[in-house]
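J.: Structure provided below as structure tokens; questions to follow.
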Amino acid sequence: MKKISLLALGTAIIFASCTKKQGDNQKLDPDKNTTVTEYMSTKPGSWWLFKNVENNTTKETTRTPTGNKATIDGFEYDLYHSVDSSTMYVTNEYFAKNEDFYLTLIDLDGSQNDYVKAIVYKDNGKIGDKWTSTHQMTYSGMNFDIEITSTITGINETRTLNGKSYDSVFVTSSSLRAKSAIIPWTNCGSVEMWFRKGIGILKTDFDISILSVYNRQTQVELLDYYIQK
């Protein structure tokens with residue numbers, strides 16, 4: 001049984017976007033999608049355990065690579081599974097590299113029909129590098145144009161997370177704005193993400209309020225991981 005995970009929904013809200021201005025995620029060439037193996041292991045047997053904290057409620061999810069590929073809208077992705085430890089629901093997750101950009105494919109509403117190509121990280125980036133992700137989403141019967149501007153704010157840093165020290169950490173900060181047919185562009189929150197090449201996503205910390213319709217304050221942090229040799 002499949003159900004959209006909190007991590008997937010949160011990442012979708014944060015990184016998916018759409019406006020009349022075309023974001024960098026809308027300009028990608030599907031023929032340039034490749035594996036994320038340098039960024040995050042694609043070998044079965046690898047796993048990443050995350051702590052998800054929302055409104056003082058904590059749960060755990062585990063991400064595992066399937067070793068398989070999936071093609072969505074002409075783009076090929078490495079396929080992963082995310083399992084909610086409390087419910088055992090399984091969610092498909094998709095990752096790919098496209099030139100310098102690392103992407104994740106997000107199922108906004110759990111229908112597996114409305115996927116968004118979201119840029120989450122830039123290879124060989126420098127402090128101050130920016131990119132945008134744009135998309136149109138429907139939530140509670142309302143259509144929203146959403147625009148995300150992401151900036152690299154940390155390179156090769158040492159960060160401590162849940163008692164463990166990680167070196168070579170890259171940090172991105174993103175700002176979100178949205179509008180509807182009757183509400184003009186409005187600032188809707190922010191997100192910070194930590195990445196470690198060879199491990200993957202270490203942390204996602206977001207505080208989002210989309211036009212008083214969708215609200216989410218959540219921290220997703222890596223607890224432990226194993227990389228299959």
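Every chain in the structure tokens takes a letter, A first, then B, and so on in the order presented; its residues are numbered from 1, and the ligands are numbered from 1 following the presented order.
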If you count only C-alpha atoms, which residues fall within 10 Å of Asn156 (chain A), apart from same-chain ones fewer than 4 positions away, as a ChimeraX atom specification?
T.: /A:166-171,195-196
J.: Fewer than 5 positions away in the same chain doesn't count, so skip those; otherwise give me all residues within 12 Å of Thr57 (chain A), counting only C-alpha atoms, as number ranges by chain.
T.: A: 51-52, 86, 217-220
J.: Give me a file of those residues, with N, CA and C atoms, as a short mmCIF file (atom, residue, chain, number, x, y, z; two decimals), in the first residue's frame.
T.:
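Written output follows (part-v2.cif):
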```
data_model
loop_
_atom_site.label_atom_id
_atom_site.label_comp_id
_atom_site.auth_asym_id
_atom_site.auth_seq_id
_atom_site.Cartn_x
_atom_site.Cartn_y
_atom_site.Cartn_z
N LYS A 51 14.70 10.98 11.28
CA LYS A 51 13.75 11.40 12.32
C LYS A 51 12.93 12.55 11.77
N ASN A 52 11.61 12.44 11.86
CA ASN A 52 10.69 13.47 11.39
C ASN A 52 9.96 14.07 12.59
N SER A 86 6.03 3.77 11.51
CA SER A 86 4.83 3.64 12.35
C SER A 86 3.67 2.98 11.62
N GLN A 217 5.39 23.02 9.59
CA GLN A 217 6.65 23.30 10.27
C GLN A 217 7.24 21.96 10.68
N THR A 218 8.30 21.56 9.99
CA THR A 218 8.82 20.21 10.17
C THR A 218 10.34 20.19 10.07
N GLN A 219 10.96 19.32 10.86
CA GLN A 219 12.37 19.02 10.74
C GLN A 219 12.54 17.55 10.40
N VAL A 220 13.35 17.28 9.38
CA VAL A 220 13.66 15.91 8.99
C VAL A 220 15.18 15.76 9.08
#
```
J.: What gap, in Å, lies between CA of Lys203 (chain A) and CA of Asp24 (chain A)?
T.: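 Here the two named atoms are 23.1 Å from each other.
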J.: For CA of Tyr115 (chain A) and CA of Ile72 (chain A), determine how far apart the two atoms are, in Å to one decimal place.
T.: 8.2 Å
J.: Using only C-alpha atoms, what does the table of region 84-146 of chain A residues within 10 Å of region 63-66 of chain A look like, with each row giving the shortest atom pair and its distance in Å to one decimal, sorted by chain and ascending number, as CSV?
T.:
```
residue,atom,partner,partner_atom,distance
A:Asp84,CA,A:Arg63,CA,9.2
A:Val90,CA,A:Arg63,CA,9.6
A:Thr91,CA,A:Arg63,CA,9.3
A:Asn92,CA,A:Arg63,CA,9.5
A:Glu93,CA,A:Arg63,CA,8.5
A:Tyr94,CA,A:Pro65,CA,9.6
```
J.: Check the smallest atom-to-atom distance from each of A:Ser209, A:Asn68, A:Thr172, A:Thr149 to Lys126 (chain A) using only C-alpha atoms, then report the winner.
T.: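 Distance minimum relative to Lys126 (chain A) lands on A:Thr172.
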J.: Using DSSP secondary structure from the backbone, list all strand (DSSP E) positions within region 3-215 of chain A, as number ranges by chain.
T.: A: 33-34, 47-54, 57-72, 75-84, 90-98, 101-107, 115-122, 130-139, 142-161, 164-179, 186-196, 200-210, 214-215
J.: Do you have the CA of Ile201 (chain A)-CA of Tyr225 (chain A) distance handy?
T.: 10.9 Å
J.: Closest to Thr138 (chain A) among A:Ile210, A:Leu222, A:Leu105, A:Val53, using only C-alpha atoms?
T.: A:Ile210
J.: Got a sec: who's within 10 Å of region 182-194 of chain A, counting only C-alpha atoms, leaving out chain neighbours fewer than 5 positions off, as a PyMOL selection string?
T.: chain A and resi 10-11+14-15+120-121+144-155+157+159+169-177+200-212+214-221
J.: Which residues are near Met40 (chain A)? Cut-off 7 Å, only C-alpha atoms, ignore same chain within fewer than 5 positions. Put them as an MDAnalysis selection string.
T.: chainID A and resid 197:200
J.: Extract, using only C-alpha atoms, all DNA, RNA and protein residues at most 12 Å from Leu223 (chain A), discarding same-chain residues fewer than 4 positions from it, and format them as number ranges by chain.
T.: A: 47-52, 59-63, 160-165, 201-203
J.: Write the residues of the preceding selection, restricted to N, CA and C atoms, as a PDB file, in the first residue's frame.
T.:
```
ATOM      1  N   TRP A  47      20.893   2.069   3.257  1.00  0.00           N
ATOM      2  CA  TRP A  47      19.692   2.633   3.877  1.00  0.00           C
ATOM      3  C   TRP A  47      20.026   3.916   4.629  1.00  0.00           C
ATOM      4  N   TRP A  48      18.986   4.751   4.816  1.00  0.00           N
ATOM      5  CA  TRP A  48      19.088   6.009   5.552  1.00  0.00           C
ATOM      6  C   TRP A  48      17.887   6.108   6.486  1.00  0.00           C
ATOM      7  N   LEU A  49      18.149   6.264   7.767  1.00  0.00           N
ATOM      8  CA  LEU A  49      17.087   6.375   8.767  1.00  0.00           C
ATOM      9  C   LEU A  49      16.926   7.840   9.159  1.00  0.00           C
ATOM     10  N   PHE A  50      15.704   8.367   9.042  1.00  0.00           N
ATOM     11  CA  PHE A  50      15.428   9.769   9.329  1.00  0.00           C
ATOM     12  C   PHE A  50      14.474   9.920  10.510  1.00  0.00           C
ATOM     13  N   LYS A  51      14.698  10.980  11.283  1.00  0.00           N
ATOM     14  CA  LYS A  51      13.750  11.401  12.319  1.00  0.00           C
ATOM     15  C   LYS A  51      12.927  12.552  11.769  1.00  0.00           C
ATOM     16  N   ASN A  52      11.606  12.437  11.861  1.00  0.00           N
ATOM     17  CA  ASN A  52      10.686  13.474  11.392  1.00  0.00           C
ATOM     18  C   ASN A  52       9.962  14.070  12.593  1.00  0.00           C
ATOM     19  N   LYS A  59       8.382  10.716  14.381  1.00  0.00           N
ATOM     20  CA  LYS A  59       8.304   9.396  13.772  1.00  0.00           C
ATOM     21  C   LYS A  59       9.579   9.176  12.968  1.00  0.00           C
ATOM     22  N   GLU A  60       9.780   7.954  12.502  1.00  0.00           N
ATOM     23  CA  GLU A  60      10.963   7.624  11.728  1.00  0.00           C
ATOM     24  C   GLU A  60      10.576   7.078  10.360  1.00  0.00           C
ATOM     25  N   THR A  61      11.404   7.389   9.359  1.00  0.00           N
ATOM     26  CA  THR A  61      11.240   6.836   8.020  1.00  0.00           C
ATOM     27  C   THR A  61      12.585   6.304   7.552  1.00  0.00           C
ATOM     28  N   THR A  62      12.546   5.270   6.725  1.00  0.00           N
ATOM     29  CA  THR A  62      13.767   4.671   6.190  1.00  0.00           C
ATOM     30  C   THR A  62      13.726   4.695   4.672  1.00  0.00           C
ATOM     31  N   ARG A  63      14.775   5.245   4.076  1.00  0.00           N
ATOM     32  CA  ARG A  63      14.908   5.280   2.613  1.00  0.00           C
ATOM     33  C   ARG A  63      15.854   4.166   2.170  1.00  0.00           C
ATOM     34  N   THR A 160      27.245  19.204  12.993  1.00  0.00           N
ATOM     35  CA  THR A 160      26.905  18.117  13.910  1.00  0.00           C
ATOM     36  C   THR A 160      25.400  17.912  13.898  1.00  0.00           C
ATOM     37  N   LEU A 161      24.998  16.652  13.778  1.00  0.00           N
ATOM     38  CA  LEU A 161      23.580  16.311  13.696  1.00  0.00           C
ATOM     39  C   LEU A 161      23.325  15.058  14.513  1.00  0.00           C
ATOM     40  N   ASN A 162      22.485  15.171  15.527  1.00  0.00           N
ATOM     41  CA  ASN A 162      22.143  14.044  16.392  1.00  0.00           C
ATOM     42  C   ASN A 162      23.384  13.331  16.929  1.00  0.00           C
ATOM     43  N   GLY A 163      24.352  14.141  17.370  1.00  0.00           N
ATOM     44  CA  GLY A 163      25.548  13.604  17.998  1.00  0.00           C
ATOM     45  C   GLY A 163      26.634  13.137  17.053  1.00  0.00           C
ATOM     46  N   LYS A 164      26.392  13.240  15.735  1.00  0.00           N
ATOM     47  CA  LYS A 164      27.387  12.805  14.758  1.00  0.00           C
ATOM     48  C   LYS A 164      27.911  14.004  13.986  1.00  0.00           C
ATOM     49  N   SER A 165      29.216  14.007  13.729  1.00  0.00           N
ATOM     50  CA  SER A 165      29.849  15.098  13.000  1.00  0.00           C
ATOM     51  C   SER A 165      30.020  14.711  11.538  1.00  0.00           C
ATOM     52  N   ILE A 201      21.057  13.503   1.449  1.00  0.00           N
ATOM     53  CA  ILE A 201      20.400  14.542   2.244  1.00  0.00           C
ATOM     54  C   ILE A 201      20.583  14.244   3.730  1.00  0.00           C
ATOM     55  N   LEU A 202      21.120  15.228   4.460  1.00  0.00           N
ATOM     56  CA  LEU A 202      21.308  15.076   5.898  1.00  0.00           C
ATOM     57  C   LEU A 202      20.155  15.669   6.694  1.00  0.00           C
ATOM     58  N   LYS A 203      19.662  16.808   6.248  1.00  0.00           N
ATOM     59  CA  LYS A 203      18.652  17.514   7.036  1.00  0.00           C
ATOM     60  C   LYS A 203      17.783  18.386   6.144  1.00  0.00           C
TER      61      LYS A 203
END
```
J.: Within 6 Å of region 29-36 of chain A, counting only C-alpha atoms, which residues qualify if same-chain residues fewer than 2 places away don't, as a ChimeraX atom specification?
T.: /A:38-40,75,96-98
